[in-house]
$ cat input.cif   # mmCIF, C-alpha atoms
data_run
loop_
_atom_site.group_PDB
_atom_site.id
_atom_site.type_symbol
_atom_site.label_atom_id
_atom_site.label_comp_id
_atom_site.auth_asym_id
_atom_site.auth_seq_id
_atom_site.Cartn_x
_atom_site.Cartn_y
_atom_site.Cartn_z
ATOM 1 C CA MET I 19 -10.066 20.861 -12.717
ATOM 2 C CA ILE I 20 -7.974 17.736 -13.418
ATOM 3 C CA THR I 21 -6.911 15.727 -10.412
ATOM 4 C CA LYS I 22 -3.841 13.537 -10.748
ATOM 5 C CA GLN I 23 -4.211 10.050 -9.348
ATOM 6 C CA PRO I 24 -1.257 8.093 -8.023
ATOM 7 C CA LEU I 25 0.067 5.454 -10.405
ATOM 8 C CA LEU I 26 0.491 1.831 -9.474
ATOM 9 C CA ASN I 27 3.218 -0.394 -10.924
ATOM 10 C CA THR I 28 3.948 -2.785 -8.043
ATOM 11 C CA ILE I 29 1.729 -4.864 -5.748
ATOM 12 C CA TRP I 30 2.955 -6.495 -2.515
ATOM 13 C CA LEU I 31 1.212 -9.435 -0.873
ATOM 14 C CA ASP I 32 2.045 -11.372 2.290
ATOM 15 C CA ILE I 33 2.793 -15.055 1.711
ATOM 16 C CA SER I 34 3.974 -17.907 3.876
ATOM 17 C CA ASP I 35 5.198 -21.390 2.942
ATOM 18 C CA ILE I 36 3.990 -21.461 -0.648
ATOM 19 C CA ASN I 37 5.871 -21.875 -3.911
ATOM 20 C CA VAL I 38 4.694 -19.286 -6.478
ATOM 21 C CA ILE I 39 4.815 -20.721 -10.004
ATOM 22 C CA ASN I 40 3.657 -17.676 -11.982
ATOM 23 C CA VAL I 41 1.444 -14.595 -11.881
ATOM 24 C CA THR I 42 -0.777 -13.606 -14.804
ATOM 25 C CA ASP I 43 -3.641 -11.269 -15.623
ATOM 26 C CA GLY I 44 -5.889 -14.301 -16.121
ATOM 27 C CA GLN I 45 -5.572 -13.934 -19.891
ATOM 28 C CA SER I 46 -2.259 -13.802 -21.710
ATOM 29 C CA ALA I 47 0.027 -11.415 -19.830
ATOM 30 C CA ASP I 48 2.635 -12.728 -17.399
ATOM 31 C CA PHE I 49 3.695 -10.468 -14.554
ATOM 32 C CA ASP I 50 7.234 -10.433 -13.196
ATOM 33 C CA PHE I 51 7.387 -11.302 -9.515
ATOM 34 C CA SER I 52 9.892 -11.914 -6.785
ATOM 35 C CA ILE I 53 9.734 -13.189 -3.233
ATOM 36 C CA ILE I 54 11.407 -10.988 -0.654
ATOM 37 C CA LYS I 55 12.444 -12.866 2.464
ATOM 38 C CA ASP I 56 11.754 -10.739 5.514
ATOM 39 C CA ILE I 57 14.072 -10.725 8.498
ATOM 40 C CA ASN I 58 11.461 -12.061 10.926
ATOM 41 C CA PRO I 59 10.529 -15.639 9.865
ATOM 42 C CA ARG I 60 7.261 -15.525 11.848
ATOM 43 C CA VAL I 61 5.745 -12.997 9.468
ATOM 44 C CA GLY I 62 6.365 -14.943 6.264
ATOM 45 C CA HIS I 63 7.603 -13.283 3.099
ATOM 46 C CA ARG I 64 6.575 -10.568 0.696
ATOM 47 C CA LEU I 65 5.435 -11.388 -2.838
ATOM 48 C CA GLU I 66 6.317 -8.426 -5.039
ATOM 49 C CA ILE I 67 4.412 -8.323 -8.353
ATOM 50 C CA LYS I 68 5.419 -5.900 -11.090
ATOM 51 C CA ILE I 69 2.521 -4.656 -13.190
ATOM 52 C CA PRO I 70 3.677 -4.472 -16.845
ATOM 53 C CA THR I 71 1.691 -1.338 -17.631
ATOM 54 C CA VAL I 72 1.176 1.598 -15.331
ATOM 55 C CA VAL I 73 -2.291 1.510 -13.786
ATOM 56 C CA LEU I 74 -4.219 4.208 -11.957
ATOM 57 C CA ALA I 75 -4.368 3.458 -8.247
ATOM 58 C CA ASN I 76 -8.187 3.267 -8.198
ATOM 59 C CA SER I 77 -8.401 0.883 -11.182
ATOM 60 C CA ASN I 78 -9.126 -2.818 -11.102
ATOM 61 C CA VAL I 79 -6.249 -5.217 -11.697
ATOM 62 C CA VAL I 80 -6.835 -8.919 -12.222
ATOM 63 C CA LEU I 81 -4.176 -11.177 -10.724
ATOM 64 C CA GLN I 82 -4.104 -14.924 -11.099
ATOM 65 C CA ILE I 83 -1.429 -16.427 -8.865
ATOM 66 C CA HIS I 84 -0.504 -20.046 -9.508
ATOM 67 C CA TYR I 85 1.154 -21.644 -6.507
ATOM 68 C CA ILE I 86 1.865 -24.888 -4.722
ATOM 69 C CA THR I 87 1.258 -25.100 -1.002
ATOM 70 C CA SER I 88 3.362 -26.920 1.529
ATOM 71 C CA THR I 89 2.335 -28.795 4.640
ATOM 72 C CA LYS I 90 3.629 -25.793 6.625
ATOM 73 C CA ALA I 91 1.269 -23.307 4.912
ATOM 74 C CA SER I 92 -0.787 -22.066 7.874
ATOM 75 C CA ALA I 93 -3.438 -20.284 5.790
ATOM 76 C CA VAL I 94 -4.350 -23.320 3.664
ATOM 77 C CA THR I 95 -6.431 -26.072 5.224
ATOM 78 C CA TRP I 96 -7.717 -29.287 3.690
ATOM 79 C CA LEU I 97 -10.785 -31.299 4.637
ATOM 80 C CA THR I 98 -10.871 -34.993 3.814
ATOM 81 C CA PRO I 99 -13.763 -36.257 1.659
ATOM 82 C CA GLU I 100 -15.386 -37.685 4.793
ATOM 83 C CA GLN I 101 -15.485 -34.180 6.342
ATOM 84 C CA THR I 102 -17.442 -32.651 3.413
ATOM 85 C CA ALA I 103 -21.193 -32.631 2.721
ATOM 86 C CA GLY I 104 -20.915 -34.827 -0.392
ATOM 87 C CA LYS I 105 -18.327 -37.134 1.192
ATOM 88 C CA LYS I 106 -16.708 -37.715 -2.237
ATOM 89 C CA LEU I 107 -14.050 -35.041 -2.770
ATOM 90 C CA PRO I 108 -11.567 -33.239 -0.532
ATOM 91 C CA TYR I 109 -12.092 -29.524 0.095
ATOM 92 C CA VAL I 110 -9.480 -26.776 0.456
ATOM 93 C CA TYR I 111 -10.015 -23.332 1.938
ATOM 94 C CA THR I 112 -7.722 -20.422 2.631
ATOM 95 C CA GLN I 113 -7.581 -18.005 5.523
ATOM 96 C CA CYS I 114 -6.715 -14.528 4.268
ATOM 97 C CA GLN I 115 -5.313 -12.767 7.279
ATOM 98 C CA THR I 116 -2.074 -10.941 7.831
ATOM 99 C CA ILE I 117 0.912 -13.183 8.541
ATOM 100 C CA HIS I 118 -0.846 -16.157 6.866
#

$ encode --input "input.cif" --output "structure tokens"
Amino acid sequence: MITKQPLLNTIWLDISDINVINVTDGQSADFDFSIIKDINPRVGHRLEIKIPTVVLANSNVVLQIHYITSTKASAVTWLTPEQTAGKKLPYVYTQCQTIH
């Protein structure tokens, strides 16, 4: 028996206060993307990424998203060099939760 799997050609991610430069597969393929501004500004925006080839829903897809943060980006936090163990370089970490 052959079971049909749903096909995937679009991925949506929540974003807030970042500037997306480009989206790639980490190799050579660029993915088309757009930012959809939601009506409620407290929930951020939706990053819509078009996958250039149709992929089975249970497959792995590599996304490399190049972006610039802003000082308003609530999910991105910086530590000064003095706050790190080595005390030489700053450290950035992200908080992957809905709305951030």

$ resolve_selection --input "input.cif" --expression "the PyMOL selection byres ((chain I and resi 85-91) around 7)" --output "PyMOL selection string"
chain I and resi 34-39+83-84+92-94

$ atom_distance --input "input.cif" --atom1 "atom CA of I:Val41" --atom2 "atom CA of I:Ile53"
12.1 Å

$ residues_near_point --input "input.cif" --point "(-11.6, -29.6, -1.2)" --cutoff "10 Å" --atoms "only C-alpha atoms" --output "list in words"
Thr95, Trp96, Leu97, Thr98, Pro99, Gln101, Thr102, Lys106, Leu107, Pro108, Tyr109, Val110 and Tyr111 of chain I

$ atom_distance --input "input.cif" --atom1 "atom CA of I:Ile33" --atom2 "atom CA of I:Arg60"
11.1 Å

$ closest_residue --input "input.cif" --among "I:Val79, I:Val61, I:Ala103, I:Leu26" --to "I:Gln45" --atoms "all atoms listed in the file"
I:Val79

$ resolve_selection --input "input.cif" --expression "the PyMOL selection byres ((chain I and resi 51) around 6)" --output "ChimeraX atom specification"
/I:50,52,66-68

$ write_last_selection --input "input.cif" --atoms "C-alpha atoms" --output "CSV table (one decimal), in the coordinates of the input"
chain,number,residue,atom,x,y,z
I,50,ASP,CA,7.2,-10.4,-13.2
I,52,SER,CA,9.9,-11.9,-6.8
I,66,GLU,CA,6.3,-8.4,-5.0
I,67,ILE,CA,4.4,-8.3,-8.4
I,68,LYS,CA,5.4,-5.9,-11.1

$ closest_residue --input "input.cif" --among "I:Pro70, I:Ser77, I:Leu31, I:Lys105" --to "I:Asp48" --atoms "only C-alpha atoms"
I:Pro70

$ closest_residue --input "input.cif" --among "I:Leu81, I:His63, I:Gly104, I:Thr28" --to "I:Ala47" --atoms "all atoms listed in the file"
I:Leu81

$ atom_distance --input "input.cif" --atom1 "atom CA of I:Thr42" --atom2 "atom CA of I:Trp30"
14.7 Å

$ axis_aligned_box --input "input.cif" --around "stretch 93-102 of chain I" --padding-each-side "3 Å" --output "lines of an AutoDock Vina configuration file"
center_x = -10.4
center_y = -29.0
center_z = 4.0
size_x = 20.0
size_y = 23.4
size_z = 10.7

$ closest_residue --input "input.cif" --among "I:Phe49, I:Val80, I:Gly44, I:Thr112" --to "I:Leu65" --atoms "all atoms listed in the file"
I:Phe49

$ closest_residue --input "input.cif" --among "I:Thr71, I:Ser46, I:Asp56, I:Asn78" --to "I:Asp32" --atoms "only C-alpha atoms"
I:Asp56

$ decode --input "input.cif" --residues "stretch 40-73 of chain I" --atoms "N, CA and C atoms" --output "short mmCIF file (atom, residue, chain, number, x, y, z; two decimals), in the first residue's frame"
data_model
loop_
_atom_site.label_atom_id
_atom_site.label_comp_id
_atom_site.auth_asym_id
_atom_site.auth_seq_id
_atom_site.Cartn_x
_atom_site.Cartn_y
_atom_site.Cartn_z
N ASN I 40 18.49 37.63 3.39
CA ASN I 40 18.20 36.56 2.44
C ASN I 40 18.00 35.24 3.17
N VAL I 41 17.47 34.27 2.43
CA VAL I 41 17.25 32.93 2.96
C VAL I 41 17.82 31.96 1.93
N THR I 42 18.67 31.04 2.40
CA THR I 42 19.29 30.07 1.49
C THR I 42 19.15 28.67 2.07
N ASP I 43 19.63 27.69 1.29
CA ASP I 43 19.66 26.32 1.77
C ASP I 43 20.99 26.00 2.44
N GLY I 44 21.82 27.03 2.65
CA GLY I 44 23.13 26.83 3.25
C GLY I 44 24.18 26.46 2.24
N GLN I 45 23.78 26.29 0.99
CA GLN I 45 24.70 25.93 -0.09
C GLN I 45 24.64 27.01 -1.17
N SER I 46 23.86 26.73 -2.20
CA SER I 46 23.83 27.65 -3.34
C SER I 46 22.44 28.15 -3.70
N ALA I 47 21.40 27.55 -3.16
CA ALA I 47 20.04 27.92 -3.56
C ALA I 47 19.49 29.05 -2.68
N ASP I 48 18.97 30.08 -3.33
CA ASP I 48 18.27 31.15 -2.62
C ASP I 48 16.79 30.85 -2.61
N PHE I 49 16.15 31.11 -1.50
CA PHE I 49 14.71 30.92 -1.38
C PHE I 49 14.03 32.28 -1.43
N ASP I 50 12.91 32.36 -2.14
CA ASP I 50 12.11 33.58 -2.12
C ASP I 50 11.42 33.70 -0.77
N PHE I 51 11.34 34.93 -0.27
CA PHE I 51 10.68 35.13 1.01
C PHE I 51 9.96 36.47 1.00
N SER I 52 9.01 36.59 1.89
CA SER I 52 8.34 37.87 2.08
C SER I 52 7.96 37.98 3.55
N ILE I 53 7.79 39.22 3.99
CA ILE I 53 7.40 39.47 5.38
C ILE I 53 5.98 39.99 5.35
N ILE I 54 5.11 39.27 6.05
CA ILE I 54 3.70 39.62 6.10
C ILE I 54 3.44 40.33 7.43
N LYS I 55 3.02 41.56 7.35
CA LYS I 55 2.77 42.35 8.55
C LYS I 55 1.39 42.00 9.09
N ASP I 56 1.37 41.46 10.29
CA ASP I 56 0.10 41.08 10.91
C ASP I 56 -0.60 42.32 11.47
N ILE I 57 -1.88 42.19 11.67
CA ILE I 57 -2.70 43.31 12.14
C ILE I 57 -2.33 43.72 13.56
N ASN I 58 -2.04 42.76 14.42
CA ASN I 58 -1.71 43.05 15.81
C ASN I 58 -0.20 43.25 15.95
N PRO I 59 0.29 44.46 16.20
CA PRO I 59 1.73 44.71 16.26
C PRO I 59 2.44 44.01 17.42
N ARG I 60 1.70 43.56 18.44
CA ARG I 60 2.33 42.88 19.57
C ARG I 60 2.77 41.47 19.24
N VAL I 61 2.29 40.91 18.16
CA VAL I 61 2.68 39.54 17.82
C VAL I 61 3.74 39.48 16.74
N GLY I 62 4.29 40.61 16.33
CA GLY I 62 5.35 40.60 15.33
C GLY I 62 4.80 40.41 13.93
N HIS I 63 5.61 39.76 13.10
CA HIS I 63 5.25 39.54 11.70
C HIS I 63 5.48 38.08 11.33
N ARG I 64 5.07 37.75 10.13
CA ARG I 64 5.24 36.39 9.63
C ARG I 64 6.24 36.41 8.49
N LEU I 65 7.28 35.59 8.60
CA LEU I 65 8.25 35.40 7.53
C LEU I 65 7.78 34.21 6.71
N GLU I 66 7.43 34.47 5.45
CA GLU I 66 6.96 33.40 4.57
C GLU I 66 8.10 33.04 3.62
N ILE I 67 8.52 31.77 3.65
CA ILE I 67 9.63 31.30 2.83
C ILE I 67 9.10 30.29 1.83
N LYS I 68 9.33 30.56 0.56
CA LYS I 68 8.93 29.64 -0.51
C LYS I 68 10.06 28.66 -0.78
N ILE I 69 9.74 27.38 -0.72
CA ILE I 69 10.72 26.34 -1.00
C ILE I 69 10.73 26.11 -2.52
N PRO I 70 11.90 26.22 -3.19
CA PRO I 70 11.91 26.16 -4.65
C PRO I 70 11.51 24.81 -5.24
N THR I 71 11.71 23.74 -4.51
CA THR I 71 11.27 22.43 -4.99
C THR I 71 10.30 21.87 -3.97
N VAL I 72 9.35 21.12 -4.43
CA VAL I 72 8.37 20.54 -3.52
C VAL I 72 9.05 19.48 -2.67
N VAL I 73 8.79 19.52 -1.37
CA VAL I 73 9.43 18.63 -0.42
C VAL I 73 8.35 17.86 0.33
#
